[in-house]
>>> print(open('run02.txt').read())   # compact mmCIF, C-alpha atoms and all ligand atoms
# COMPACT_ATOMS: atom_id res chain seq x y z
CA MET A 1 0.00 0.00 0.00
CA ILE A 2 2.70 2.51 1.07
CA LYS A 3 6.12 1.39 0.00
CA PHE A 4 9.40 3.09 0.90
CA GLU A 5 12.34 2.12 -1.29
CA LYS A 6 15.78 3.23 -0.10
CA VAL A 7 14.45 6.62 0.93
CA TYR A 8 16.82 9.31 2.17
CA LYS A 9 16.11 12.80 3.46
CA ARG A 10 19.09 15.10 3.78
CA TYR A 11 19.48 18.62 5.08
CA ASP A 12 22.82 20.16 4.03
CA ASP A 13 24.23 16.71 3.27
CA LYS A 14 23.25 15.41 6.71
CA ALA A 15 20.83 12.48 6.41
CA VAL A 16 17.98 12.65 8.94
CA VAL A 17 16.30 9.63 7.31
CA SER A 18 18.57 7.05 5.68
CA ASP A 19 18.17 3.95 3.60
CA PHE A 20 14.54 3.63 4.65
CA THR A 21 12.88 0.58 3.06
CA LEU A 22 9.49 -0.47 4.32
CA ASP A 23 6.17 -1.86 3.11
CA ILE A 24 3.07 -0.71 4.99
CA LYS A 25 0.15 -2.97 4.18
CA GLU A 26 -3.39 -2.01 3.27
CA GLY A 27 -5.65 -1.70 6.33
CA GLU A 28 -2.72 -1.89 8.71
CA PHE A 29 -2.31 0.21 11.85
CA PHE A 30 1.39 0.95 11.53
CA VAL A 31 3.29 2.73 14.30
CA LEU A 32 6.55 4.63 13.88
CA ILE A 33 8.28 4.95 17.22
CA GLY A 34 11.66 6.26 18.33
CA PRO A 35 13.35 8.88 20.48
CA SER A 36 13.12 12.61 19.75
CA GLY A 37 14.92 13.51 16.54
CA SER A 38 14.95 9.95 15.18
CA GLY A 39 13.15 11.02 12.01
CA LYS A 40 9.54 9.90 12.64
CA THR A 41 7.81 13.14 11.65
CA THR A 42 10.06 13.57 8.63
CA THR A 43 9.16 10.05 7.48
CA LEU A 44 5.45 10.73 7.93
CA LYS A 45 5.50 14.07 6.15
CA MET A 46 7.30 12.59 3.16
CA ILE A 47 4.22 10.42 2.55
CA ASN A 48 1.91 13.39 1.88
CA GLN A 49 4.75 15.42 0.38
CA LEU A 50 4.83 18.05 3.08
CA ILE A 51 8.56 17.23 2.96
CA ASP A 52 10.28 16.25 -0.28
CA LEU A 53 12.48 13.22 -0.20
CA SER A 54 16.13 13.52 -1.29
CA GLU A 55 16.58 10.06 -2.77
CA GLY A 56 14.62 6.84 -3.34
CA TYR A 57 10.91 6.26 -3.89
CA ILE A 58 7.71 6.26 -1.92
CA ARG A 59 4.89 4.49 -3.76
CA ILE A 60 1.21 4.41 -2.92
CA GLN A 61 -0.58 1.47 -4.56
CA GLY A 62 2.50 1.10 -6.76
CA LYS A 63 2.52 4.69 -8.03
CA PRO A 64 5.40 7.01 -6.99
CA ILE A 65 4.01 9.89 -4.93
CA SER A 66 5.67 12.41 -7.25
CA ASP A 67 3.29 11.21 -10.00
CA PHE A 68 0.17 12.18 -8.03
CA ASP A 69 -1.54 15.52 -8.38
CA LEU A 70 -0.52 17.17 -5.08
CA GLN A 71 -3.99 18.40 -4.12
CA GLU A 72 -5.55 15.04 -4.89
CA LEU A 73 -2.83 13.25 -2.88
CA ARG A 74 -3.45 15.46 0.18
CA TRP A 75 -7.24 15.14 -0.07
CA ASN A 76 -6.91 11.37 -0.12
CA ILE A 77 -4.62 11.25 2.88
CA GLY A 78 -6.09 12.30 6.24
CA TYR A 79 -3.70 14.06 8.60
CA VAL A 80 -4.03 14.47 12.37
CA LEU A 81 -1.53 16.46 14.40
CA GLN A 82 -0.71 17.02 18.04
CA GLN A 83 -1.22 20.75 17.68
CA ILE A 84 -4.88 20.73 16.84
CA ALA A 85 -5.13 22.29 13.40
CA LEU A 86 -8.80 23.23 13.72
CA PHE A 87 -10.19 26.70 13.10
CA PRO A 88 -11.21 28.01 16.53
CA ASN A 89 -13.76 30.55 15.28
CA MET A 90 -15.58 28.09 13.11
CA THR A 91 -18.14 25.58 14.34
CA VAL A 92 -17.54 21.85 14.63
CA GLU A 93 -19.63 21.28 11.51
CA GLU A 94 -17.79 23.93 9.49
CA ASN A 95 -14.45 22.42 10.47
CA ILE A 96 -15.55 18.92 9.50
CA LEU A 97 -16.91 20.05 6.15
CA ILE A 98 -13.89 21.97 4.83
CA VAL A 99 -12.81 19.30 2.35
CA PRO A 100 -16.37 18.24 1.32
CA GLU A 101 -17.14 21.95 0.62
CA MET A 102 -14.06 22.12 -1.63
CA LYS A 103 -15.09 18.88 -3.28
CA LYS A 104 -18.61 20.30 -3.79
CA TRP A 105 -20.54 17.52 -2.06
CA THR A 106 -24.32 17.83 -1.98
CA LYS A 107 -25.94 19.37 1.13
CA GLU A 108 -27.55 16.07 1.98
CA ASP A 109 -24.28 14.12 1.78
CA MET A 110 -22.57 16.69 3.98
CA GLU A 111 -25.42 16.64 6.49
CA ASN A 112 -25.33 12.83 6.72
CA ARG A 113 -21.56 12.73 7.04
CA VAL A 114 -21.45 15.19 9.95
CA VAL A 115 -24.04 13.16 11.87
CA GLU A 116 -22.35 9.84 11.10
CA LEU A 117 -18.88 11.06 12.10
CA LEU A 118 -19.94 12.73 15.34
CA GLU A 119 -21.87 9.63 16.35
CA SER A 120 -18.86 7.43 15.57
CA VAL A 121 -16.93 9.11 18.40
CA ASN A 122 -19.90 9.30 20.77
CA MET A 123 -20.51 13.02 20.37
CA ASP A 124 -24.20 13.90 20.14
CA PRO A 125 -24.60 15.75 16.79
CA ASP A 126 -27.40 17.98 18.11
CA LYS A 127 -25.27 19.06 21.02
CA TYR A 128 -21.97 19.60 19.25
CA ARG A 129 -22.35 20.43 15.58
CA HIS A 130 -22.98 24.17 16.05
CA ARG A 131 -20.49 24.71 18.85
CA HIS A 132 -17.35 26.68 18.18
CA ILE A 133 -14.09 24.80 18.53
CA SER A 134 -13.06 27.17 21.32
CA GLU A 135 -16.05 25.86 23.32
CA LEU A 136 -14.73 22.28 23.38
CA SER A 137 -12.35 20.53 25.77
CA GLY A 138 -8.92 19.40 24.53
CA GLY A 139 -10.13 15.80 24.20
CA GLU A 140 -13.26 16.84 22.28
CA GLN A 141 -11.18 19.01 19.97
CA GLN A 142 -8.84 16.11 19.27
CA ARG A 143 -11.85 13.87 18.50
CA ILE A 144 -12.97 16.45 15.94
CA GLY A 145 -9.39 16.46 14.58
CA VAL A 146 -9.63 12.70 14.09
CA ILE A 147 -13.04 12.67 12.41
CA ARG A 148 -12.16 15.63 10.23
CA ALA A 149 -9.29 13.56 8.85
CA LEU A 150 -11.85 10.86 8.01
CA THR A 151 -14.49 13.12 6.45
CA ALA A 152 -13.67 12.64 2.80
CA ASP A 153 -13.12 8.91 3.35
CA PRO A 154 -9.38 8.81 2.59
CA ASP A 155 -7.63 5.46 2.24
CA ILE A 156 -4.69 6.57 4.37
CA ILE A 157 -4.59 8.46 7.66
CA LEU A 158 -1.35 9.93 9.01
CA MET A 159 -1.29 10.73 12.71
CA ASP A 160 1.59 12.60 14.34
CA GLU A 161 1.50 12.21 18.13
CA PRO A 162 -2.18 13.16 18.09
CA PHE A 163 -2.84 12.41 21.75
CA SER A 164 0.39 13.35 23.48
CA ALA A 165 -0.94 16.64 24.87
CA LEU A 166 -3.96 15.00 26.53
CA ASP A 167 -4.37 13.76 30.09
CA PRO A 168 -3.96 9.97 30.50
CA ILE A 169 -7.68 9.15 30.80
CA THR A 170 -8.77 11.20 27.79
CA ARG A 171 -5.81 9.81 25.90
CA ASN A 172 -6.73 6.25 26.75
CA ASN A 173 -10.34 6.82 25.65
CA LEU A 174 -9.27 8.38 22.37
CA GLN A 175 -6.84 5.54 21.68
CA LYS A 176 -9.72 3.12 22.10
CA ASP A 177 -12.01 5.19 19.87
CA VAL A 178 -9.40 5.36 17.14
CA LEU A 179 -8.72 1.64 17.34
CA LYS A 180 -12.43 0.86 17.06
CA LEU A 181 -12.81 3.24 14.13
CA GLN A 182 -9.86 1.71 12.34
CA GLN A 183 -11.11 -1.84 12.91
CA LYS A 184 -14.46 -0.82 11.46
CA LEU A 185 -13.24 1.32 8.57
CA LYS A 186 -10.04 -0.64 7.73
CA LYS A 187 -8.05 2.45 6.83
CA THR A 188 -4.29 2.30 6.51
CA VAL A 189 -3.03 4.29 9.48
CA VAL A 190 0.54 5.48 10.00
CA PHE A 191 0.85 6.69 13.57
CA VAL A 192 3.85 8.45 15.11
CA THR A 193 4.54 8.26 18.83
CA HIS A 194 7.46 8.14 21.23
CA ASP A 195 5.40 6.18 23.75
CA MET A 196 5.87 2.40 23.76
CA GLN A 197 2.60 1.83 25.62
CA GLU A 198 0.71 3.65 22.91
CA ALA A 199 2.58 1.72 20.21
CA ILE A 200 1.69 -1.63 21.79
CA SER A 201 -1.97 -0.70 22.35
CA LEU A 202 -2.52 0.49 18.82
CA GLY A 203 -0.03 -1.00 16.39
CA ASP A 204 -0.55 -4.06 14.22
CA ARG A 205 3.14 -3.59 13.50
CA ILE A 206 5.69 -1.31 15.05
CA CYS A 207 8.76 0.24 13.43
CA LEU A 208 11.46 1.35 15.86
CA MET A 209 13.57 4.20 14.52
CA ASN A 210 16.85 5.62 15.74
CA ASN A 211 19.06 8.23 14.06
CA GLY A 212 16.91 8.16 10.91
CA LYS A 213 17.26 4.42 10.48
CA ILE A 214 15.05 1.42 11.11
CA GLU A 215 16.22 -0.62 14.10
CA GLN A 216 13.44 -3.22 13.88
CA VAL A 217 10.00 -3.75 12.33
CA GLY A 218 7.47 -6.31 13.50
CA THR A 219 4.47 -7.06 15.66
CA ALA A 220 4.80 -6.36 19.38
CA ASP A 221 5.07 -10.13 19.89
CA GLU A 222 7.88 -10.51 17.38
CA ILE A 223 9.86 -7.57 18.70
CA LEU A 224 9.43 -8.58 22.34
CA LYS A 225 10.45 -12.18 21.65
CA ASN A 226 13.44 -11.27 19.51
CA PRO A 227 14.67 -7.73 20.11
CA ALA A 228 17.24 -6.97 17.41
CA ASN A 229 19.70 -5.17 19.68
CA ASP A 230 20.22 -3.39 23.02
CA PHE A 231 18.59 -0.19 21.79
CA VAL A 232 15.37 -2.09 21.06
CA ARG A 233 15.60 -4.02 24.33
CA GLN A 234 15.91 -0.80 26.32
CA PHE A 235 13.15 0.94 24.45
CA LEU A 236 10.80 -1.98 25.05
CA GLN A 237 11.12 -1.88 28.84
CA THR A 238 8.72 1.02 29.16
CA GLY A 239 6.00 -0.84 27.27
CA LEU A 240 6.28 -4.20 28.99
CA PRO A 241 3.48 -3.88 31.60
CA HIS A 242 1.16 -2.64 28.90
CA TYR A 243 2.08 -5.55 26.66
CA GLN A 244 1.17 -7.97 29.45
CA GLU A 245 -2.09 -6.15 29.97
CA LYS A 246 -2.94 -6.46 26.29
CA LYS A 247 -2.06 -10.18 26.21
CA ILE A 248 -4.14 -10.97 29.27
CA VAL A 249 -7.15 -9.06 28.01
CA GLN A 250 -6.83 -10.79 24.62
CA HIS A 251 -6.66 -14.13 26.41
CA LEU A 252 -9.80 -13.36 28.44
CA ILE A 253 -11.68 -12.46 25.27
CA GLU A 254 -10.43 -15.52 23.35
CA GLU A 255 -11.42 -17.79 26.22
CA ASN A 256 -14.86 -16.15 26.26
CA TYR A 257 -14.61 -14.76 29.76
CA TYR A 258 -15.70 -11.43 28.31
CA SER A 259 -16.75 -10.05 24.97
CA THR A 260 -15.13 -6.86 23.67
CA GLU A 261 -18.40 -4.92 24.15
CA ASP A 262 -18.58 -6.12 27.71
CA ILE A 263 -15.33 -4.52 28.81
CA VAL A 264 -15.68 -1.07 30.29
CA THR A 265 -12.02 -0.47 30.91
CA THR A 266 -8.75 -2.21 31.71
CA GLY A 267 -5.64 -0.98 33.44
CA ILE A 268 -2.55 -1.72 35.45
CA ILE A 269 -2.11 -1.26 39.15
CA SER A 270 1.37 -0.63 40.49
CA ALA A 271 3.40 -0.07 37.37
CA SER A 272 6.47 0.33 39.59
CA ASP A 273 6.94 -3.40 39.64
CA PRO A 274 6.37 -4.78 36.13
CA VAL A 275 6.70 -8.42 37.16
CA ASN A 276 4.03 -8.30 39.84
CA ASP A 277 1.70 -5.76 38.30
CA LEU A 278 -1.96 -6.46 38.61
CA ILE A 279 -3.96 -6.26 35.44
CA ILE A 280 -7.47 -5.14 36.13
CA LEU A 281 -10.53 -5.37 33.95
CA LEU A 282 -13.86 -3.76 34.64
CA SER A 283 -16.82 -5.34 32.89
CA LYS A 284 -20.43 -4.26 32.55
CA GLN A 285 -21.57 -7.09 34.83
CA ASP A 286 -20.11 -5.34 37.82
CA ALA A 287 -17.32 -7.88 38.03
CA VAL A 288 -13.65 -7.19 38.20
CA HIS A 289 -11.16 -9.67 36.91
CA VAL A 290 -7.64 -9.37 38.18
CA GLU A 291 -4.61 -11.27 37.06
CA THR A 292 -1.03 -11.02 38.15
CA SER A 293 1.05 -10.77 35.05
CA ASN A 294 3.67 -13.34 35.99
CA LYS A 295 1.62 -16.04 37.67
CA HIS A 296 -1.41 -16.06 35.38
CA ALA A 297 -3.54 -16.52 38.42
CA LYS A 298 -7.14 -15.52 38.21
CA ILE A 299 -9.30 -13.80 40.76
CA ILE A 300 -12.84 -12.68 40.18
CA ILE A 301 -14.10 -10.13 42.61
CA THR A 302 -16.93 -7.68 42.57
CA LYS A 303 -16.67 -3.91 42.57
CA ASN A 304 -17.83 -3.92 46.17
CA ASN A 305 -14.91 -5.86 47.50
CA LEU A 306 -12.36 -4.34 45.17
CA LEU A 307 -11.09 -1.86 47.72
CA ASP A 308 -10.78 -4.58 50.37
CA PHE A 309 -8.92 -6.67 47.88
CA LEU A 310 -6.49 -3.92 46.99
CA ALA A 311 -5.94 -3.10 50.64
CA SER A 312 -5.11 -6.69 51.38
CA GLU A 313 -1.41 -7.32 51.44
CA ALA A 314 -1.93 -10.99 51.01
CA ALA A 315 -3.39 -10.68 47.54
CA SER A 316 -1.53 -13.76 46.41
CA SER A 317 -3.24 -15.89 49.06
CA LYS A 318 -6.54 -15.22 47.30
CA GLU A 319 -5.25 -16.43 43.99
CA VAL A 320 -6.88 -19.36 42.35
CA GLU A 321 -4.88 -21.20 39.77
CA ALA A 322 -6.25 -20.60 36.27
N1 LIG B 401 14.11 21.80 8.16
C1 LIG B 401 15.08 21.15 8.79
N2 LIG B 401 16.38 21.47 8.62
C2 LIG B 401 17.37 20.80 9.20
N3 LIG B 401 17.18 19.74 10.03
C3 LIG B 401 15.92 19.36 10.25
C4 LIG B 401 14.80 20.03 9.66
N4 LIG B 401 13.67 19.42 10.05
C5 LIG B 401 14.04 18.43 10.87
N5 LIG B 401 15.40 18.38 11.00
C6 LIG B 401 16.16 17.41 11.80
O1 LIG B 401 15.82 16.12 11.39
C7 LIG B 401 15.88 15.22 12.48
C8 LIG B 401 14.61 14.40 12.54
O2 LIG B 401 13.52 15.24 12.88
P1 LIG B 401 12.04 14.68 13.08
O3 LIG B 401 11.16 15.85 13.42
O4 LIG B 401 11.69 13.87 11.92
O5 LIG B 401 12.25 13.76 14.34
P2 LIG B 401 11.15 13.05 15.26
O6 LIG B 401 11.62 11.66 15.46
O7 LIG B 401 9.80 13.25 14.70
O8 LIG B 401 11.33 13.89 16.61
P3 LIG B 401 10.24 14.32 17.74
O9 LIG B 401 9.83 13.06 18.43
O10 LIG B 401 11.06 15.21 18.64
O11 LIG B 401 9.14 15.04 17.04
C9 LIG B 401 16.14 16.06 13.73
O12 LIG B 401 17.48 15.95 14.08
C10 LIG B 401 15.81 17.46 13.27
O13 LIG B 401 16.58 18.40 13.97
>>> encode(input="run02.txt", output="structure tokens", more="lines below")
Ligand SMILES: Nc1ncnc2c1ncn2[C@@H]1O[C@H](COP(=O)(O)OP(=O)(O)OP(=O)(O)O)[C@@H](O)[C@H]1O
Amino acid sequence: MIKFEKVYKRYDDKAVVSDFTLDIKEGEFFVLIGPSGSGKTTTLKMINQLIDLSEGYIRIQGKPISDFDLQELRWNIGYVLQQIALFPNMTVEENILIVPEMKKWTKEDMENRVVELLESVNMDPDKYRHRHISELSGGEQQRIGVIRALTADPDIILMDEPFSALDPITRNNLQKDVLKLQQKLKKTVVFVTHDMQEAISLGDRICLMNNGKIEQVGTADEILKNPANDFVRQFLQTGLPHYQEKKIVQHLIEENYYSTEDIVTTGIISASDPVNDLIILLSKQDAVHVETSNKHAKIIITKNNLLDFLASEAASSKEVEA
């Protein structure tokens, strides 16, 4: 779908992206991760030609990006940024409809699209469509940023640290919304972050970058099982508790303990000790399922005795072997 072939970007002969070869598949949620200055944003912006490449090729569906009409290319690639690029004095609806207006959609199509998009991120259209952007919270604004990128139904969405300025709860909710949207719409998403937890939660595959080069590409499972080098190993540490959380929740769904719709939220208690972290899952049936990440023990408790449970130092004595 998006193919990089020996791509270089140089500024004054200094390569900030080098020998970049990569194939991002159709419908994939692809995460670019790496420390500050590793070349993630540059790589992303080369896809929609906000930055010209110095050498090599980027192809979309086999066609080099330089062969596309620039306006058409940008219209067909959604773009979401950390600094919310919405117009504060315009309403939610006006912001969402910028590209459809330019594309001269019919009034009815535009009307339907606004309703559909706001509903897809749980924002009541009647309540929000006529509000000005300045009257929304940061999380609501970022939701509008996401759906605006989807308005004209692009095949590709580029996201550059879209949630990094948000508080952890809003961020977590938006990550889940975006994941659900992507699973439903099957867009090809290229997502930049420097946060390993975010990469593990969202990415079908993850590309670790350092100094403009690829250190490793693969699924979280592949990278965690076989880290290519010490840089990757070190970078992974920060995401490990989250990885265990994801695996346990996947296991509980696969084993039919819970359905995806049933899960209200999941989280980690005591991230200071990755080996003994408790993974917690809150379901609609008022039950809480807790597993220790190393022992794979299983405890089902209700919301009412959750606090007692957490207060108990002898949590392990309550464990029941799975
Ligand atoms: N216009 C420019 N001229 C010269 N150097 C640049 C220019 N734009 C970016 N760079 C350099 O290219 C390198 C990669 O920058 P880039 O923004 O792609 O990194 P990043 O991984 O996205 O970083 P961050 O996580 O901090 O956003 C950095 O060293 C940066 O200083």
>>> residues_around(input="run02.txt", residues="Asn211 (chain A)", least_positions_apart="5", cutoff="9 Å", atoms="all atoms listed in the file", output="CSV table (one decimal) with C-alpha atoms, keeping the file's coordinate frame")
chain,number,residue,atom,x,y,z
A,15,ALA,CA,20.8,12.5,6.4
A,16,VAL,CA,18.0,12.6,8.9
A,17,VAL,CA,16.3,9.6,7.3
A,18,SER,CA,18.6,7.0,5.7
A,34,GLY,CA,11.7,6.3,18.3
A,35,PRO,CA,13.4,8.9,20.5
A,37,GLY,CA,14.9,13.5,16.5
A,38,SER,CA,15.0,10.0,15.2
A,39,GLY,CA,13.2,11.0,12.0
>>> residues_near_ligand(input="run02.txt", ligand="ligand LIG 401 (chain B)", cutoff="10 Å", atoms="all atoms listed in the file", output="JSON, numbers by chain")
{"A": [9, 10, 11, 12, 13, 14, 15, 16, 17, 32, 33, 34, 35, 36, 37, 38, 39, 40, 41, 42, 43, 44, 45, 46, 51, 160, 161, 192, 193, 194, 195, 209, 210, 211, 212]}
>>> closest_residue(input="run02.txt", among="A:Val114, A:Leu158, A:Ile206, A:Ala220", to="Phe191 (chain A)", atoms="all atoms listed in the file")
A:Leu158
>>> residues_around(input="run02.txt", residues="region 183-188 of chain A", least_positions_apart="2", cutoff="6 Å", atoms="only C-alpha atoms", output="mmCIF file with C-alpha atoms, in the coordinates of the input")
data_model
loop_
_atom_site.group_PDB
_atom_site.id
_atom_site.type_symbol
_atom_site.label_atom_id
_atom_site.label_comp_id
_atom_site.auth_asym_id
_atom_site.auth_seq_id
_atom_site.Cartn_x
_atom_site.Cartn_y
_atom_site.Cartn_z
ATOM 1 C CA GLU A 26 -3.390 -2.010 3.270
ATOM 2 C CA GLY A 27 -5.650 -1.700 6.330
ATOM 3 C CA GLU A 28 -2.720 -1.890 8.710
ATOM 4 C CA ASP A 155 -7.630 5.460 2.240
ATOM 5 C CA ILE A 156 -4.690 6.570 4.370
ATOM 6 C CA LYS A 180 -12.430 0.860 17.060
ATOM 7 C CA LEU A 181 -12.810 3.240 14.130
#
>>> atom_distance(input="run02.txt", atom1="CA of Glu55 (chain A)", atom2="CA of Glu5 (chain A)")
9.1 Å
>>> atom_distance(input="run02.txt", atom1="CA of Thr170 (chain A)", atom2="CA of Gln182 (chain A)")
18.2 Å
>>> residues_near_point(input="run02.txt", point="(-12.0, 33.4, 14.9)", cutoff="10 Å", atoms="only C-alpha atoms", output="list in words")
Phe87, Pro88, Asn89, Met90, Thr91, His132, Ile133 and Ser134 of chain A
>>> closest_residue(input="run02.txt", among="A:Asn95, A:Gln175, A:Gln71, A:Ser164", to="Ile144 (chain A)", atoms="all atoms listed in the file")
A:Asn95
>>> residues_around(input="run02.txt", residues="Met123 (chain A)", least_positions_apart="6", cutoff="12 Å", atoms="all atoms listed in the file", output="list of chain:residue names")
A:Val92, A:Val114, A:Val115, A:Glu116, A:Leu117, A:Arg129, A:Arg131, A:Leu136, A:Gly139, A:Glu140, A:Gln141, A:Arg143, A:Ile144, A:Ile147, A:Asp177
>>> closest_residue(input="run02.txt", among="A:His130, A:Lys103, A:Lys63, A:Lys246", to="Trp75 (chain A)", atoms="all atoms listed in the file")
A:Lys103
>>> atom_distance(input="run02.txt", atom1="CA of Asn76 (chain A)", atom2="CA of Glu119 (chain A)")
22.3 Å
>>> residues_around(input="run02.txt", residues="region 213-219 of chain A", least_positions_apart="4", cutoff="9 Å", atoms="only C-alpha atoms", output="list in words")
Val16, Val17, Ser18, Asp19, Phe20, Thr21, Leu22, Ser38, Gly39, Ile200, Gly203, Asp204, Arg205, Ile206, Cys207, Leu208, Met209, Ile223, Leu224, Pro227, Ala228, Asn229, Phe231 and Val232 of chain A
>>> residues_around(input="run02.txt", residues="Arg74 (chain A)", least_positions_apart="2", cutoff="12 Å", atoms="only C-alpha atoms", output="list in words")
Lys45, Met46, Ile47, Asn48, Gln49, Leu50, Ile65, Phe68, Asp69, Leu70, Gln71, Glu72, Asn76, Ile77, Gly78, Tyr79, Val99, Ala149, Ala152, Pro154, Asp155, Ile156, Ile157 and Leu158 of chain A
>>> residues_near_point(input="run02.txt", point="(1.1, -1.9, 3.5)", cutoff="10 Å", atoms="all atoms listed in the file", output="PyMOL selection string")
chain A and resi 1-3+22-30+60-61+188-190
>>> write_last_selection(input="run02.txt", atoms="C-alpha atoms", output="compact mmCIF listing (two decimals), in the coordinates of the input")
# COMPACT_ATOMS: atom_id res chain seq x y z
CA MET A 1 0.00 0.00 0.00
CA ILE A 2 2.70 2.51 1.07
CA LYS A 3 6.12 1.39 0.00
CA LEU A 22 9.49 -0.47 4.32
CA ASP A 23 6.17 -1.86 3.11
CA ILE A 24 3.07 -0.71 4.99
CA LYS A 25 0.15 -2.97 4.18
CA GLU A 26 -3.39 -2.01 3.27
CA GLY A 27 -5.65 -1.70 6.33
CA GLU A 28 -2.72 -1.89 8.71
CA PHE A 29 -2.31 0.21 11.85
CA PHE A 30 1.39 0.95 11.53
CA ILE A 60 1.21 4.41 -2.92
CA GLN A 61 -0.58 1.47 -4.56
CA THR A 188 -4.29 2.30 6.51
CA VAL A 189 -3.03 4.29 9.48
CA VAL A 190 0.54 5.48 10.00
>>> closest_residue(input="run02.txt", among="A:Leu202, A:Leu53, A:Met196, A:Ser137", to="Gln234 (chain A)", atoms="only C-alpha atoms")
A:Met196
